[in-house]
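J.: model.cif is reproduced in full below (mmCIF, C-alpha atoms).
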data_data
#
loop_
_atom_site.label_atom_id
_atom_site.label_comp_id
_atom_site.auth_asym_id
_atom_site.auth_seq_id
_atom_site.Cartn_x
_atom_site.Cartn_y
_atom_site.Cartn_z
CA MET V 22 39.39 12.26 25.72
CA GLU V 23 41.07 9.54 23.73
CA SER V 24 41.49 10.38 20.05
CA ARG V 25 40.81 7.87 17.29
CA GLN V 26 43.68 6.22 15.45
CA LEU V 27 44.16 7.75 12.00
CA TYR V 28 45.79 5.83 9.15
CA ASN V 29 47.57 7.49 6.26
CA ARG V 30 49.64 6.99 3.12
CA ILE V 31 52.09 9.83 3.68
CA GLY V 32 55.15 7.55 3.63
CA VAL V 33 54.13 5.82 0.39
CA LEU V 34 53.24 9.09 -1.34
CA ARG V 35 56.45 10.74 -0.22
CA GLN V 36 58.56 7.87 -1.53
CA GLU V 37 56.60 7.87 -4.76
CA MET V 38 57.48 11.53 -5.23
CA GLY V 39 61.11 10.80 -4.38
CA ILE V 40 61.42 13.47 -1.72
CA SER V 41 63.03 13.30 1.71
CA ARG V 42 61.28 13.80 5.04
CA LYS V 43 63.09 17.10 5.42
CA GLU V 44 61.81 18.35 2.07
CA LEU V 45 58.24 17.34 2.87
CA ALA V 46 58.55 18.87 6.34
CA ALA V 47 59.74 22.18 4.87
CA ALA V 48 56.89 22.16 2.36
CA ILE V 49 54.15 21.60 4.95
CA GLY V 50 55.78 23.70 7.70
CA VAL V 51 56.63 21.15 10.39
CA ASN V 52 59.75 19.63 11.95
CA TYR V 53 61.08 16.66 9.93
CA GLN V 54 60.63 14.45 13.02
CA THR V 55 56.92 15.21 12.93
CA VAL V 56 56.81 13.77 9.39
CA GLY V 57 58.32 10.57 10.85
CA TYR V 58 55.67 10.47 13.57
CA LEU V 59 52.94 11.01 10.94
CA GLU V 60 54.30 8.27 8.69
CA ARG V 61 54.47 5.79 11.57
CA GLU V 62 50.90 6.83 12.49
CA GLU V 63 52.05 7.74 15.99
CA TYR V 64 50.62 11.22 15.66
CA SER V 65 47.27 12.30 14.21
CA PRO V 66 47.47 15.70 12.54
CA SER V 67 45.07 18.60 12.98
CA LEU V 68 42.61 19.29 10.18
CA ASP V 69 44.75 22.22 9.07
CA LEU V 70 47.91 20.10 8.77
CA ALA V 71 46.03 17.24 7.11
CA LEU V 72 44.68 19.64 4.48
CA ARG V 73 48.15 21.10 3.92
CA ILE V 74 49.52 17.58 3.37
CA CYS V 75 46.71 16.70 0.93
CA SER V 76 47.20 19.97 -0.89
CA TYR V 77 50.93 19.27 -1.22
CA PHE V 78 50.29 15.83 -2.73
CA GLY V 79 47.39 17.17 -4.81
CA LEU V 80 45.07 14.42 -3.59
CA PRO V 81 41.67 14.38 -1.85
CA VAL V 82 41.67 13.76 1.91
CA GLU V 83 40.16 10.27 1.61
CA MET V 84 43.12 9.17 -0.56
CA VAL V 85 45.63 10.18 2.11
CA PHE V 86 43.84 9.68 5.44
CA SER V 87 41.38 7.15 6.77
CA SER V 88 39.98 6.03 10.09
CA GLU V 89 40.27 2.41 8.84
CA PRO V 90 43.52 0.64 7.93
CA MET V 91 44.25 1.63 4.33
CA PRO V 92 44.69 -0.97 1.56
CA PRO V 93 47.76 -0.68 -0.69
CA LEU V 94 47.38 1.92 -3.44
CA SER V 95 47.96 -0.76 -6.10
CA ARG V 96 44.97 -2.72 -4.76
CA GLU V 97 42.80 0.39 -4.83
CA VAL V 98 43.80 1.21 -8.43
CA LEU V 99 43.10 -2.40 -9.46
CA ASP V 100 39.67 -2.30 -7.82
CA LEU V 101 38.99 0.99 -9.58
CA ARG V 102 39.95 -0.46 -12.96
CA ARG V 103 37.83 -3.55 -12.39
CA GLY V 104 34.94 -1.33 -11.42
CA GLN V 105 35.32 0.59 -14.68
CA GLY V 106 35.54 -2.67 -16.61
CA THR V 107 38.95 -1.93 -18.17
CA MET N 11 77.92 12.24 13.66
CA THR N 12 76.86 11.92 17.29
CA GLN N 13 74.76 8.94 18.29
CA PRO N 14 71.55 9.82 20.14
CA LEU N 15 71.36 8.60 23.72
CA SER N 16 69.03 5.65 24.25
CA ARG N 17 66.04 6.13 26.55
CA THR N 18 67.78 4.06 29.24
CA GLY N 19 70.87 6.24 28.87
CA ARG N 20 68.78 9.40 29.16
CA ARG N 21 66.94 8.09 32.22
CA THR N 22 70.22 7.18 33.90
CA GLY N 23 71.52 10.66 33.08
CA VAL N 24 68.42 12.33 34.53
CA VAL N 25 68.74 10.37 37.80
CA LEU N 26 72.49 11.10 38.04
CA ASN N 27 71.87 14.79 37.34
CA TYR N 28 69.35 15.05 40.19
CA VAL N 29 71.51 13.00 42.56
CA SER N 30 74.54 15.21 41.79
CA LEU N 31 72.38 18.32 42.27
CA ALA N 32 71.22 17.08 45.68
CA LEU N 33 74.81 16.20 46.67
CA LEU N 34 76.05 19.57 45.45
CA ALA N 35 73.40 21.46 47.41
CA PHE N 36 74.03 19.36 50.53
CA SER N 37 77.82 19.81 50.27
CA ILE N 38 77.49 23.58 49.85
CA MET N 39 75.17 23.77 52.85
CA ALA N 40 77.50 21.51 54.86
CA SER N 41 80.39 23.81 54.01
CA GLU N 42 78.33 26.90 54.83
CA TYR N 43 77.01 25.65 58.19
CA GLY N 44 80.15 23.75 59.20
CA TRP N 45 78.54 20.28 59.27
CA GLY N 46 81.85 18.61 58.48
CA SER N 47 85.50 19.33 57.88
CA GLY N 48 87.18 18.70 54.54
CA TRP N 49 84.62 16.44 52.88
CA PRO N 50 82.20 19.22 51.86
CA ILE N 51 84.84 20.71 49.53
CA ALA N 52 85.52 17.30 47.96
CA GLY N 53 81.75 16.76 47.76
CA ILE N 54 81.28 20.07 45.97
CA ALA N 55 84.04 19.26 43.47
CA VAL N 56 82.87 15.72 42.67
CA SER N 57 79.17 16.56 42.50
CA LEU N 58 79.79 19.69 40.40
CA ILE N 59 81.75 17.68 37.81
CA LEU N 60 79.07 14.96 37.71
CA PHE N 61 76.34 17.60 37.50
CA ILE N 62 77.96 19.41 34.55
CA LEU N 63 78.75 16.16 32.70
CA THR N 64 75.23 14.76 33.05
CA PHE N 65 73.70 18.11 32.13
CA MET N 66 75.75 18.31 28.93
CA GLN N 67 74.94 14.71 27.99
CA VAL N 68 71.23 14.63 28.73
CA TYR N 69 70.10 18.18 28.06
CA GLY N 70 72.84 19.75 25.93
CA ARG N 71 73.78 17.00 23.50
CA THR N 72 70.19 15.93 22.87
CA GLY N 73 69.00 19.51 22.28
CA LEU N 74 66.30 19.14 24.96
CA TRP N 75 67.35 22.26 26.90
CA ARG N 76 67.11 24.38 23.74
CA PHE N 77 63.86 22.67 22.68
CA VAL N 78 61.92 23.39 25.87
CA HIS N 79 63.00 27.04 25.75
CA LEU N 80 61.94 27.67 22.15
CA LYS N 81 59.20 30.22 21.43
CA LEU N 82 55.79 28.84 20.51
CA ASP N 83 55.96 30.16 16.94
CA GLN N 84 59.10 28.09 16.38
CA LEU N 85 57.26 24.84 17.17
CA ASP N 86 54.89 22.78 15.07
CA GLU N 87 51.60 21.41 16.42
CA ARG N 88 53.04 18.07 17.64
CA GLU N 89 55.86 19.86 19.44
CA VAL N 90 53.40 22.29 21.05
CA GLN N 91 51.46 19.27 22.39
CA LEU N 92 54.69 17.74 23.65
CA ILE N 93 55.73 20.94 25.43
CA HIS N 94 52.24 21.37 26.88
CA ARG N 95 52.29 17.85 28.35
CA SER N 96 55.77 18.27 29.81
CA LEU N 97 54.92 21.68 31.31
CA ARG N 98 51.72 20.32 32.87
CA LEU N 99 53.60 17.45 34.51
CA SER N 100 56.42 19.79 35.55
CA TYR N 101 54.00 22.15 37.24
CA ALA N 102 52.49 19.28 39.25
CA THR N 103 55.93 17.84 40.13
CA PHE N 104 57.33 21.23 41.13
CA THR N 105 54.33 21.89 43.37
CA VAL N 106 54.75 18.52 45.11
CA MET N 107 58.49 19.15 45.59
CA ALA N 108 57.95 22.63 47.04
CA LEU N 109 55.23 21.36 49.40
CA LEU N 110 57.40 18.43 50.50
CA TYR N 111 60.26 20.82 51.24
CA ILE N 112 57.98 22.99 53.37
CA LEU N 113 56.69 19.86 55.13
CA ILE N 114 60.24 18.62 55.91
CA LEU N 115 61.21 22.05 57.25
CA ASN N 116 58.20 22.00 59.55
CA LEU N 117 59.00 18.56 60.95
CA SER N 118 61.57 20.41 63.11
CA PHE N 119 64.46 17.94 62.88
CA ASP N 120 67.44 18.99 65.00
CA PHE N 121 69.85 19.14 62.06
CA LEU N 122 67.56 21.63 60.36
CA SER N 123 67.99 24.17 63.14
CA ASP N 124 70.82 25.77 61.12
CA LEU N 125 68.22 26.77 58.55
CA ARG N 126 66.39 28.95 61.07
CA ASP N 127 66.98 32.68 61.39
CA PRO N 128 67.64 34.26 64.85
CA GLU N 129 63.87 34.54 65.43
CA GLY N 130 63.48 30.78 64.93
CA ASP N 131 61.73 31.04 61.53
CA PHE N 132 62.85 28.90 58.62
CA THR N 133 64.56 30.67 55.73
CA LEU N 134 64.68 29.40 52.16
CA GLY N 135 68.42 30.02 51.79
CA ASN N 136 70.37 30.87 48.64
CA VAL N 137 71.27 27.25 47.81
CA ILE N 138 67.71 25.94 47.98
CA PHE N 139 66.48 29.01 46.12
CA ILE N 140 68.91 28.32 43.25
CA VAL N 141 68.01 24.61 43.27
CA PHE N 142 64.32 25.47 42.90
CA ILE N 143 65.05 27.91 40.06
CA TYR N 144 67.09 25.20 38.30
CA LEU N 145 64.31 22.64 38.83
CA SER N 146 61.67 24.95 37.40
CA HIS N 147 63.74 25.23 34.20
CA ILE N 148 64.91 21.64 33.90
CA LEU N 149 61.80 19.65 34.84
CA PRO N 150 60.10 19.91 31.40
CA ALA N 151 63.30 18.72 29.68
CA SER N 152 63.68 15.91 32.25
CA ILE N 153 60.16 14.70 31.57
CA LEU N 154 60.81 14.61 27.82
CA ALA N 155 64.17 12.88 28.34
CA TRP N 156 62.46 10.31 30.55
CA SER N 157 59.37 9.62 28.47
CA GLU N 158 60.14 10.18 24.81
CA ARG N 159 61.32 7.29 22.66
CA ARG N 160 63.19 9.61 20.30
CA VAL N 161 64.68 12.98 21.15
CA LEU N 162 65.75 15.87 18.99
CA LEU N 163 69.36 16.33 17.99
#
Would it be possible to restate this file's structure as structure tokens?

T.:
Amino acid sequence: MESRQLYNRIGVLRQEMGISRKELAAAIGVNYQTVGYLEREEYSPSLDLALRICSYFGLPVEMVFSSEPMPPLSREVLDLRRGQGT
Amino acid sequence: MTQPLSRTGRRTGVVLNYVSLALLAFSIMASEYGWGSGWPIAGIAVSLILFILTFMQVYGRTGLWRFVHLKLDQLDEREVQLIHRSLRLSYATFTVMALLYILILNLSFDFLSDLRDPEGDFTLGNVIFIVFIYLSHILPASILAWSERRVLL
């Protein structure tokens, strides 16, 4: 069975927090190379790992993972602000 | 800091390691059964050096030997998938190799008569036995060295 491509913002979120791949890897309990694979979207995590990642960043799943290519966070924030009329 | 071997470098190393293993086994058997004079000793020396060098480069330096022998609880989910795939392919490859060896033995070539016991039955022999044990351990690491774009260091 071929699995569906998953897109994510792990790389952006990690850089925003100013932490290294090794630090993120230690926090979510994987090898630091696996973080690289996740960031390059070459590996789709299990539900358990995806939830651990979201929990670490303190964000809902839909903000970190998507089955569609994800727009930049800045674009999403702008759309949100426009939607709120601010 | 050591530079990781490129995939081409790893593939070359894997091929050279298997070629040196085959030469080493053949030289030892040639020496044991008296198939030649002098050259088997030189063959053993040269192939042994090449075998050790390629082993250290491809499986030692890259950490692949250690990686494929780690316990499951020391691996994360991606690594478990990687090990599973390499073990599955290794199992299939090892089976094909063992069956091919049995097939070659049964083709009854003249030069294989040395491998028969006094009753005329084929014996596995210590050299081939050790080669098969080595293969069963090294095949998963070889598959990862051959197929993975990046390897662990």

J.: Find the residues near Met38 (chain V): any atom within 12 Å, counting all atoms listed in the file, skip ones fewer than 6 places away on the same chain, and give them as a PyMOL selection string.

T.: chain V and resi 31-32+44-45+77-79

J.: For the selection you just gave me, I'd like the residues written to a file as a compact mmCIF listing (two decimals), in the frame of the given file, keeping C-alpha atoms.

T.:
# COMPACT_ATOMS: atom_id res chain seq x y z
CA ILE V 31 52.09 9.83 3.68
CA GLY V 32 55.15 7.55 3.63
CA GLU V 44 61.81 18.35 2.07
CA LEU V 45 58.24 17.34 2.87
CA TYR V 77 50.93 19.27 -1.22
CA PHE V 78 50.29 15.83 -2.73
CA GLY V 79 47.39 17.17 -4.81

J.: For CA of Val24 (chain N) and CA of Ser152 (chain N), quote the distance in Å rounded to one decimal.

T.: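 Distance between the two atoms: 6.4 Å.
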
J.: If we count all atoms listed in the file and set the cut-off at 6 Å, which residues sit around region 26-33 of chain N, ignoring sequence neighbours fewer than 6 positions away in its own chain? Please answer as a PyMOL selection string.

T.: chain N and resi 57+61+64

J.: Taking the file as shown, find all residues satisfying the PyMOL selection byres ((chain V) within 7 of (chain N)) and write them as a ChimeraX atom specification.

T.: /V:51-52,55

J.: Once you add 4 Å to each side, what are the centre and edge lengths of the axis-aligned box holding all listed atoms of region 35-54 of chain N? One decimal in Å, as lines of an AutoDock Vina configuration file, if you can.

T.:
center_x = 80.3
center_y = 21.7
center_z = 52.6
size_x = 21.8
size_y = 18.5
size_z = 21.3

J.: In Å, with one decimal, what is the gap from CA of Tyr28 (chain V) to CA of Leu59 (chain V)?

T.: 9.0 Å

J.: Fewer than 5 positions away in the same chain doesn't count, so skip those; otherwise give me all residues within 12 Å of Glu89 (chain V), counting only C-alpha atoms, as number ranges by chain.

T.: V: 25-30, 83-84

J.: With distances taken over all atoms listed in the file, which of V:Ile49, V:Ser88, V:Arg42, V:Glu60 is nearest to Ile74 (chain V)?

T.: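 Of all the options, V:Ile49 lies closest to Ile74 (chain V).
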
J.: CA of Lys43 (chain V) and CA of Leu92 (chain N), how far apart in Å?

T.: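 Separation of CA of Leu92 (chain N) and CA of Lys43 (chain V): 20.1 Å.
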
J.: Could you list, as a compact mmCIF listing (two decimals) with C-alpha atoms, in the frame of the given file, every residue within 9 Å of Ser16 (chain N), counting all atoms listed in the file and ignoring same-chain residues fewer than 4 positions away?

T.:
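Listing of around14.txt after writing:
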# COMPACT_ATOMS: atom_id res chain seq x y z
CA ARG N 20 68.78 9.40 29.16
CA ARG N 21 66.94 8.09 32.22
CA ARG N 159 61.32 7.29 22.66
CA ARG N 160 63.19 9.61 20.30

J.: Between N:Thr18, N:Ser47, N:Ser96, N:Gln91, which one has atoms that come closest to Ile153 (chain N), using only C-alpha atoms?

T.: N:Ser96

J.: Neighbouring residues of Ala35 (chain N) were defined as those with any atom within 8 Å, considering only C-alpha atoms; residues of the same chain fewer than 6 positions away were excluded. Please report them as a PDB file with C-alpha atoms, in the frame of the given file.

T.:
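Ended up saving to around.pdb:
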ATOM      1  CA  VAL N 137      71.270  27.250  47.810  1.00  0.00           C
ATOM      2  CA  ILE N 138      67.710  25.940  47.980  1.00  0.00           C
ATOM      3  CA  VAL N 141      68.010  24.610  43.270  1.00  0.00           C
TER       4      VAL N 141
END

J.: I need the residue set behind the PyMOL selection byres ((chain N and resi 68) around 8) for this file; please write it as a PDB file with C-alpha atoms, in the frame of the given file.

T.:
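Saved the output as result16.pdb:
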ATOM      1  CA  LEU N  15      71.360   8.600  23.720  1.00  0.00           C
ATOM      2  CA  ARG N  20      68.780   9.400  29.160  1.00  0.00           C
ATOM      3  CA  GLY N  23      71.520  10.660  33.080  1.00  0.00           C
ATOM      4  CA  VAL N  24      68.420  12.330  34.530  1.00  0.00           C
ATOM      5  CA  THR N  64      75.230  14.760  33.050  1.00  0.00           C
ATOM      6  CA  PHE N  65      73.700  18.110  32.130  1.00  0.00           C
ATOM      7  CA  MET N  66      75.750  18.310  28.930  1.00  0.00           C
ATOM      8  CA  GLN N  67      74.940  14.710  27.990  1.00  0.00           C
ATOM      9  CA  TYR N  69      70.100  18.180  28.060  1.00  0.00           C
ATOM     10  CA  GLY N  70      72.840  19.750  25.930  1.00  0.00           C
ATOM     11  CA  ARG N  71      73.780  17.000  23.500  1.00  0.00           C
ATOM     12  CA  THR N  72      70.190  15.930  22.870  1.00  0.00           C
ATOM     13  CA  LEU N  74      66.300  19.140  24.960  1.00  0.00           C
ATOM     14  CA  ALA N 155      64.170  12.880  28.340  1.00  0.00           C
TER      15      ALA N 155
END

J.: Let me make sure I understand: among N:Arg98, N:Leu149, N:Ile93, N:Ile114, which one has the smallest atom-to-atom distance to Leu80 (chain N) if we use all atoms listed in the file?

T.: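 Among the listed residues, N:Ile93 lies closest to Leu80 (chain N).
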
J.: Dump N, CA and C atoms of region 67-85 of chain V from the given block, as a PDB file, in the first residue's frame.

T.:
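Just written: part-v6.pdb:
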ATOM      1  N   SER V  67       4.218   8.393  12.371  1.00  0.00           N
ATOM      2  CA  SER V  67       3.027   7.705  12.883  1.00  0.00           C
ATOM      3  C   SER V  67       2.178   8.746  13.621  1.00  0.00           C
ATOM      4  N   LEU V  68       0.963   8.377  13.934  1.00  0.00           N
ATOM      5  CA  LEU V  68       0.072   9.294  14.659  1.00  0.00           C
ATOM      6  C   LEU V  68       0.691   9.645  16.010  1.00  0.00           C
ATOM      7  N   ASP V  69       1.271   8.649  16.657  1.00  0.00           N
ATOM      8  CA  ASP V  69       1.886   8.866  17.971  1.00  0.00           C
ATOM      9  C   ASP V  69       3.006   9.915  17.891  1.00  0.00           C
ATOM     10  N   LEU V  70       3.877   9.766  16.907  1.00  0.00           N
ATOM     11  CA  LEU V  70       4.996  10.713  16.772  1.00  0.00           C
ATOM     12  C   LEU V  70       4.483  12.096  16.370  1.00  0.00           C
ATOM     13  N   ALA V  71       3.498  12.124  15.467  1.00  0.00           N
ATOM     14  CA  ALA V  71       2.932  13.412  15.046  1.00  0.00           C
ATOM     15  C   ALA V  71       2.343  14.151  16.240  1.00  0.00           C
ATOM     16  N   LEU V  72       1.651  13.427  17.112  1.00  0.00           N
ATOM     17  CA  LEU V  72       1.051  14.062  18.293  1.00  0.00           C
ATOM     18  C   LEU V  72       2.125  14.536  19.273  1.00  0.00           C
ATOM     19  N   ARG V  73       3.211  13.765  19.372  1.00  0.00           N
ATOM     20  CA  ARG V  73       4.314  14.184  20.253  1.00  0.00           C
ATOM     21  C   ARG V  73       4.932  15.486  19.746  1.00  0.00           C
ATOM     22  N   ILE V  74       5.082  15.567  18.404  1.00  0.00           N
ATOM     23  CA  ILE V  74       5.664  16.774  17.799  1.00  0.00           C
ATOM     24  C   ILE V  74       4.753  17.981  18.053  1.00  0.00           C
ATOM     25  N   CYS V  75       3.449  17.790  17.828  1.00  0.00           N
ATOM     26  CA  CYS V  75       2.486  18.883  18.027  1.00  0.00           C
ATOM     27  C   CYS V  75       2.464  19.313  19.490  1.00  0.00           C
ATOM     28  N   SER V  76       2.541  18.330  20.373  1.00  0.00           N
ATOM     29  CA  SER V  76       2.528  18.625  21.799  1.00  0.00           C
ATOM     30  C   SER V  76       3.779  19.418  22.180  1.00  0.00           C
ATOM     31  N   TYR V  77       4.910  19.077  21.576  1.00  0.00           N
ATOM     32  CA  TYR V  77       6.154  19.793  21.871  1.00  0.00           C
ATOM     33  C   TYR V  77       6.051  21.257  21.433  1.00  0.00           C
ATOM     34  N   PHE V  78       5.475  21.479  20.245  1.00  0.00           N
ATOM     35  CA  PHE V  78       5.356  22.852  19.747  1.00  0.00           C
ATOM     36  C   PHE V  78       4.153  23.572  20.353  1.00  0.00           C
ATOM     37  N   GLY V  79       3.268  22.835  21.008  1.00  0.00           N
ATOM     38  CA  GLY V  79       2.081  23.422  21.607  1.00  0.00           C
ATOM     39  C   GLY V  79       1.094  23.929  20.578  1.00  0.00           C
ATOM     40  N   LEU V  80       0.998  23.203  19.466  1.00  0.00           N
ATOM     41  CA  LEU V  80       0.118  23.625  18.368  1.00  0.00           C
ATOM     42  C   LEU V  80      -0.826  22.490  17.977  1.00  0.00           C
ATOM     43  N   PRO V  81      -2.008  22.833  17.424  1.00  0.00           N
ATOM     44  CA  PRO V  81      -2.901  21.767  16.959  1.00  0.00           C
ATOM     45  C   PRO V  81      -2.318  21.070  15.726  1.00  0.00           C
ATOM     46  N   VAL V  82      -2.742  19.847  15.498  1.00  0.00           N
ATOM     47  CA  VAL V  82      -2.193  19.024  14.408  1.00  0.00           C
ATOM     48  C   VAL V  82      -2.285  19.726  13.056  1.00  0.00           C
ATOM     49  N   GLU V  83      -3.432  20.385  12.799  1.00  0.00           N
ATOM     50  CA  GLU V  83      -3.620  20.999  11.481  1.00  0.00           C
ATOM     51  C   GLU V  83      -2.682  22.176  11.226  1.00  0.00           C
ATOM     52  N   MET V  84      -2.047  22.720  12.299  1.00  0.00           N
ATOM     53  CA  MET V  84      -1.077  23.791  12.110  1.00  0.00           C
ATOM     54  C   MET V  84       0.307  23.244  11.759  1.00  0.00           C
ATOM     55  N   VAL V  85       0.514  21.971  12.053  1.00  0.00           N
ATOM     56  CA  VAL V  85       1.850  21.380  11.834  1.00  0.00           C
ATOM     57  C   VAL V  85       1.843  20.427  10.633  1.00  0.00           C
TER      58      VAL V  85
END
